[in-house]
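Chemist: Sharing a structure, written as structure tokens. Questions coming.
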Amino acid sequence: MSLNSFYDDRKFCTACDNYVAYLSGLDRSYCVQCGSEVRLFSADDWDRFQNGLDNRPRNGRKAKNMRNAVGSVDAKGEVDNEPHLDTEGEGPDDQRESA
């Protein structure tokens, strides 16, 4: 894999209708040839890029434990989505004295 250098980096200038070297500002980048604002991709390349993203497989992260994601299931198969406190003394009515 080759690394891009600062001197080889290009963006698309709509005025020049070509990928050109550019000057980068804080919010925008400008063409070094004509001074127009540049974009990362041309319209055709942007469409190809977006279509390529739509066609890729989606392998998102799965929940570690399905019981935690859905709620607890009792013996009858009914889902209980009520929050439960697993530790003692951490309820909303717990009034501990600060140290």
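Residues are named by chain letter and number: chains run A, B, ... in the order of the structure tokens, numbers start at 1 in each chain, and ligands are numbered from 1 in the order shown.
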Report as a list in words all protein, DNA and RNA residues lying within 12 Å of Arg10 of chain A, evaluated on only C-alpha atoms, omitting residues in the same chain fewer than 3 positions from it.
Modeler: Asn4, Ser5, Phe6, Tyr7, Cys13, Asn18, Tyr19, Val20, Ala21, Tyr22, Leu23, Ser24, Ser29, Tyr30, Cys31, Val32, Val38, Arg39, Leu40, Phe41 and Ser42 of chain A
Chemist: Based on the backbone DSSP call, show me all residues of segment 3-61 of chain A assigned strand (DSSP E or B), as number ranges by chain.
Modeler: A: 11-13, 18-20, 22-24, 29-31, 37-39
Chemist: Write out as a PyMOL selection string all residues of segment 26-59 of chain A that DSSP puts in helix (DSSP H, G or I) for this structure's backbone.
Modeler: chain A and resi 43-55
Chemist: Which value, in Å to one decimal, gives the distance between atom CA of Ser36 of chain A and atom CA of Thr14 of chain A?
Modeler: 7.8 Å
Chemist: For a test of reading the model, state the distance in Å between atom CA of Cys16 of chain A and atom CA of Ala43 of chain A, rounded to one decimal.
Modeler: 13.8 Å
